[in-house]
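See structure below.
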Amino acid sequence: MKRSIVLLWMLGFWLTTPGITASMAAQPHIIAGDSDSDGVDDANDLCPGTPAGTPVNVYGCPLSVNSCDFNSSTVTLAASGGSTGNGVSTRYVLADNQGTILQVSTSPSFSGLNNTATYMALSIVYEGAITNLSAGQSLSVVSAPCFDWSNALVFKTCPLPTTPCDYQIGDIITLQSNGGSVGSGVKTSYVLTNSAGKLIVVSSTPSFDSNLLQAGTYQAYALTYPDDNTISNLVANGVNTLAQVGASCLAVSSGLSITICGCRTTCVPLLATRIR
């Protein structure tokens, strides 16, 4: 297994997010000393070269980082190097900032990272039976007859909040309207504006066909005004805004946010040909 140990030093990860160039290529451990002066001996330091003054855990890795590396709950890394062969196994490990194992995977991808947090990602290559390589265990208690860790890659996730969908494209959006002026000489129109505040739909009823829309968030309003032909710019052209709509007397309700998800149905013509 001596040859495998040498090859283990080649193991490394690179973040796949554009613009992030930090790598975690493992290097041969120094038996003694503290090269980066973080209080962790080089032989046990999984994050060599930590900047001076950075608070670290018992593995020499930063407890937190300031910038967000990923905005999704799934993180995929790239791995290179490492040992292969009969009886040699590789696992990818996600740990929290204290070194407690959260996930163990056969690929360098981790999901379910729903909170803003700092993590450690490592790989371990081993031969023979391995013990304590499971969620809830500390990295320090993992053991096998022959094994080696890569250096740790420390990263931060800041998942964007998910917005629930009110409607799917294809649904009829039907709203309720309460209050407002009624009677002879009074008109009410209902409008949808897009995220840029542009008029997308104008309707005489609080109902809209979502097939005409793209996925996104909209605002619905009710406009009440005299039926005296003084209303202007109430046109769903994707250019006008509510601020441009005018009338001799105009009342505009508060906006109601509506989130629409899905894709439009696309009709593709079917071409039939005869097979001779």
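Chain identifiers are assigned as A, B, and so on, following the order in which chains appear in the structure tokens; residues are numbered from 1 within each chain, and ligands are numbered from 1 in order of appearance.
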Proximity of segment 173-230 of chain A to segment 237-249 of chain A: per-residue shortest pair, 8 Å limit, only C-alpha atoms, as a Markdown table:
```
| residue | atom | partner | partner_atom | distance |
| --- | --- | --- | --- | --- |
| A:Thr193 | CA | A:Thr241 | CA | 7.8 |
| A:Gly197 | CA | A:Thr241 | CA | 5.9 |
| A:Lys198 | CA | A:Thr241 | CA | 4.8 |
| A:Leu199 | CA | A:Gly238 | CA | 5.2 |
| A:Ile200 | CA | A:Gly238 | CA | 5.3 |
| A:Tyr225 | CA | A:Cys249 | CA | 5.6 |
| A:Pro226 | CA | A:Cys249 | CA | 6.4 |
| A:Thr230 | CA | A:Ala247 | CA | 4.9 |
```
| field | Shell around Lys156 of chain A at 9 Å using only C-alpha atoms, local window under 6 positions removed, as a list in words | value |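 Within the cut-off, the hits are Ser64, Val65, Asn66, Ser67, Cys68, Asp69, Phe70, Asn71, Thr116, Ala117, Thr118, Tyr119 and Met120 of chain A.
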Dump as a tab-separated table (two decimals), in the first residue's frame, selection limited to all heavy atoms:
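Dumped to out_24.tsv:
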```tsv
chain	number	residue	atom	x	y	z
A	64	SER	N	-15.34	30.10	9.47
A	64	SER	CA	-16.31	30.76	8.61
A	64	SER	C	-15.58	31.51	7.51
A	64	SER	O	-14.40	31.84	7.65
A	64	SER	CB	-17.19	31.73	9.41
A	64	SER	OG	-16.40	32.79	9.94
A	65	VAL	N	-16.30	31.73	6.43
A	65	VAL	CA	-15.80	32.57	5.34
A	65	VAL	C	-16.84	33.64	5.05
A	65	VAL	O	-18.03	33.45	5.32
A	65	VAL	CB	-15.50	31.74	4.06
A	65	VAL	CG1	-14.35	30.79	4.30
A	65	VAL	CG2	-16.73	30.97	3.62
A	66	ASN	N	-16.41	34.76	4.53
A	66	ASN	CA	-17.32	35.90	4.36
A	66	ASN	C	-18.17	35.80	3.10
A	66	ASN	O	-19.38	36.07	3.13
A	66	ASN	CB	-16.53	37.20	4.34
A	66	ASN	CG	-15.87	37.49	5.67
A	66	ASN	OD1	-16.44	37.19	6.72
A	66	ASN	ND2	-14.68	38.08	5.64
A	67	SER	N	-17.55	35.42	1.99
A	67	SER	CA	-18.28	35.44	0.72
A	67	SER	C	-19.01	34.13	0.47
A	67	SER	O	-18.58	33.07	0.94
A	67	SER	CB	-17.32	35.72	-0.44
A	67	SER	OG	-16.34	34.71	-0.50
A	68	CYS	N	-20.11	34.21	-0.27
A	68	CYS	CA	-20.88	33.02	-0.63
A	68	CYS	C	-20.33	32.42	-1.92
A	68	CYS	O	-20.16	33.12	-2.91
A	68	CYS	CB	-22.36	33.38	-0.82
A	68	CYS	SG	-23.17	33.83	0.71
A	69	ASP	N	-20.03	31.13	-1.89
A	69	ASP	CA	-19.54	30.44	-3.07
A	69	ASP	C	-20.66	29.81	-3.88
A	69	ASP	O	-20.53	29.62	-5.09
A	69	ASP	CB	-18.54	29.35	-2.66
A	69	ASP	CG	-17.36	29.92	-1.88
A	69	ASP	OD1	-16.71	30.84	-2.40
A	69	ASP	OD2	-17.12	29.47	-0.74
A	70	PHE	N	-21.76	29.45	-3.23
A	70	PHE	CA	-22.88	28.81	-3.90
A	70	PHE	C	-24.19	29.41	-3.40
A	70	PHE	O	-24.33	29.70	-2.21
A	70	PHE	CB	-22.90	27.29	-3.64
A	70	PHE	CG	-21.72	26.56	-4.21
A	70	PHE	CD1	-20.59	26.34	-3.44
A	70	PHE	CD2	-21.74	26.10	-5.52
A	70	PHE	CE1	-19.50	25.66	-3.95
A	70	PHE	CE2	-20.65	25.42	-6.04
A	70	PHE	CZ	-19.53	25.20	-5.26
A	71	ASN	N	-25.13	29.59	-4.32
A	71	ASN	CA	-26.45	30.12	-3.97
A	71	ASN	C	-27.54	29.07	-4.10
A	71	ASN	O	-28.73	29.39	-4.08
A	71	ASN	CB	-26.80	31.32	-4.86
A	71	ASN	CG	-25.96	32.53	-4.53
A	71	ASN	OD1	-25.69	32.80	-3.36
A	71	ASN	ND2	-25.53	33.26	-5.55
A	116	THR	N	-27.66	28.97	5.21
A	116	THR	CA	-26.41	29.68	5.00
A	116	THR	C	-25.40	29.18	6.02
A	116	THR	O	-25.62	29.30	7.24
A	116	THR	CB	-26.62	31.20	5.15
A	116	THR	OG1	-27.52	31.65	4.14
A	116	THR	CG2	-25.30	31.94	5.02
A	117	ALA	N	-24.30	28.60	5.56
A	117	ALA	CA	-23.35	27.97	6.47
A	117	ALA	C	-22.01	27.77	5.77
A	117	ALA	O	-21.92	27.80	4.54
A	117	ALA	CB	-23.88	26.63	6.98
A	118	THR	N	-20.97	27.56	6.59
A	118	THR	CA	-19.64	27.24	6.09
A	118	THR	C	-19.40	25.74	6.26
A	118	THR	O	-19.69	25.18	7.32
A	118	THR	CB	-18.57	28.03	6.86
A	118	THR	OG1	-18.79	29.43	6.65
A	118	THR	CG2	-17.17	27.67	6.38
A	119	TYR	N	-18.88	25.11	5.21
A	119	TYR	CA	-18.68	23.66	5.20
A	119	TYR	C	-17.24	23.32	4.87
A	119	TYR	O	-16.49	24.14	4.31
A	119	TYR	CB	-19.59	23.00	4.17
A	119	TYR	CG	-21.07	23.18	4.42
A	119	TYR	CD1	-21.77	24.21	3.80
A	119	TYR	CD2	-21.76	22.32	5.25
A	119	TYR	CE1	-23.13	24.38	4.02
A	119	TYR	CE2	-23.12	22.47	5.48
A	119	TYR	CZ	-23.80	23.51	4.86
A	119	TYR	OH	-25.15	23.68	5.08
A	120	MET	N	-16.87	22.08	5.16
A	120	MET	CA	-15.60	21.49	4.74
A	120	MET	C	-15.92	20.33	3.80
A	120	MET	O	-16.74	19.47	4.13
A	120	MET	CB	-14.81	20.96	5.93
A	120	MET	CG	-14.44	21.99	6.97
A	120	MET	SD	-13.82	21.20	8.51
A	120	MET	CE	-12.42	20.26	7.89
```
Sorted by chain and rising residue number, which residues of segment 77-145 of chain A lie within 12 Å of segment 160-183 of chain A, and what are their closest atom pairs and distances in Å to one decimal, counting only C-alpha atoms, as JSON lines?
```
{"residue": "A:Leu113", "atom": "CA", "partner": "A:Leu160", "partner_atom": "CA", "distance": 11.0}
{"residue": "A:Asn114", "atom": "CA", "partner": "A:Leu160", "partner_atom": "CA", "distance": 8.8}
{"residue": "A:Asn115", "atom": "CA", "partner": "A:Leu160", "partner_atom": "CA", "distance": 9.4}
{"residue": "A:Thr116", "atom": "CA", "partner": "A:Leu160", "partner_atom": "CA", "distance": 9.3}
```
| Val75 of chain A surroundings by only C-alpha atoms, 8 Å radius, close-in-sequence under 6 positions cut, as a ChimeraX atom specification | /A:109-111,113
Output file for the selection above: N, CA and C atoms, as a short mmCIF file (atom, residue, chain, number, x, y, z; two decimals), in the first residue's frame:
```cif
data_model
loop_
_atom_site.label_atom_id
_atom_site.label_comp_id
_atom_site.auth_asym_id
_atom_site.auth_seq_id
_atom_site.Cartn_x
_atom_site.Cartn_y
_atom_site.Cartn_z
N SER A 109 -20.59 15.49 -4.92
CA SER A 109 -21.79 16.31 -5.00
C SER A 109 -22.60 16.13 -3.73
N PHE A 110 -23.09 17.25 -3.19
CA PHE A 110 -23.83 17.22 -1.94
C PHE A 110 -25.10 18.06 -2.10
N SER A 111 -26.19 17.58 -1.54
CA SER A 111 -27.47 18.28 -1.67
C SER A 111 -28.10 18.49 -0.31
N LEU A 113 -28.38 21.41 1.20
CA LEU A 113 -27.71 22.47 1.96
C LEU A 113 -28.61 23.70 1.96
#
```
| message | I'd like to know which residues of segment 191-222 of chain A are strand (DSSP E or B) (by DSSP, run on the backbone); could you write them as a PyMOL selection string? | response | chain A and resi 191-193+198-203+207-209+216-222
Include C-alpha atoms and write out the residues we just selected as a short mmCIF file (atom, residue, chain, number, x, y, z; two decimals), in the first residue's frame.
```cif
data_model
loop_
_atom_site.label_atom_id
_atom_site.label_comp_id
_atom_site.auth_asym_id
_atom_site.auth_seq_id
_atom_site.Cartn_x
_atom_site.Cartn_y
_atom_site.Cartn_z
CA VAL A 191 -54.39 44.81 -14.75
CA LEU A 192 -51.29 42.70 -14.37
CA THR A 193 -47.85 44.27 -14.34
CA LYS A 198 -45.03 47.27 -17.22
CA LEU A 199 -48.70 46.66 -18.10
CA ILE A 200 -48.99 43.10 -19.42
CA VAL A 201 -52.73 42.35 -19.22
CA VAL A 202 -55.80 44.59 -18.96
CA SER A 203 -59.13 42.86 -18.25
CA SER A 207 -59.52 36.85 -14.24
CA PHE A 208 -56.47 36.28 -16.42
CA ASP A 209 -55.34 33.54 -18.79
CA GLY A 216 -42.37 34.95 -13.04
CA THR A 217 -43.85 37.28 -10.45
CA TYR A 218 -46.58 39.76 -11.31
CA GLN A 219 -48.63 42.40 -9.53
CA ALA A 220 -52.42 42.60 -9.92
CA TYR A 221 -54.31 45.88 -9.50
CA ALA A 222 -57.87 47.14 -9.79
#
```
| task | Using only C-alpha atoms, determine which residues lie at most 10 Å from Gly87 of chain A, disregarding the query and same-chain residues fewer than 5 positions distant; provide the list as JSON, numbers by chain. | result | {"A": [126, 127, 128, 129]}
Okay, now the selection with C-alpha atoms, as a compact mmCIF listing (two decimals), in the first residue's frame?
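Full text of selection31.txt as output:
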```txt
# COMPACT_ATOMS: atom_id res chain seq x y z
CA TYR A 126 -8.71 3.89 1.72
CA GLU A 127 -8.02 0.18 1.53
CA GLY A 128 -9.70 -2.41 3.72
CA ALA A 129 -12.58 -1.97 6.13
```
| atom CA of Ser150 of chain A to atom CA of Ser83 of chain A: how many Å, to one decimal? | 11.5 Å
| message | Residues of segment 137-260 of chain A classed as helix (DSSP H, G or I) by DSSP on the backbone are to be reported as a ChimeraX atom specification. | response | /A:139-141,210-212,242-244
| query | A:Ser232, A:Ser257, A:Asn57, A:Thr188: which is nearest Leu139 of chain A, counting only C-alpha atoms? | reply | A:Asn57
| said: Ranking A:Thr106, A:Thr100, A:Ser195, A:Thr259 by minimum distance to Ser140 of chain A and counting only C-alpha atoms, which one comes first? | reply: A:Thr100
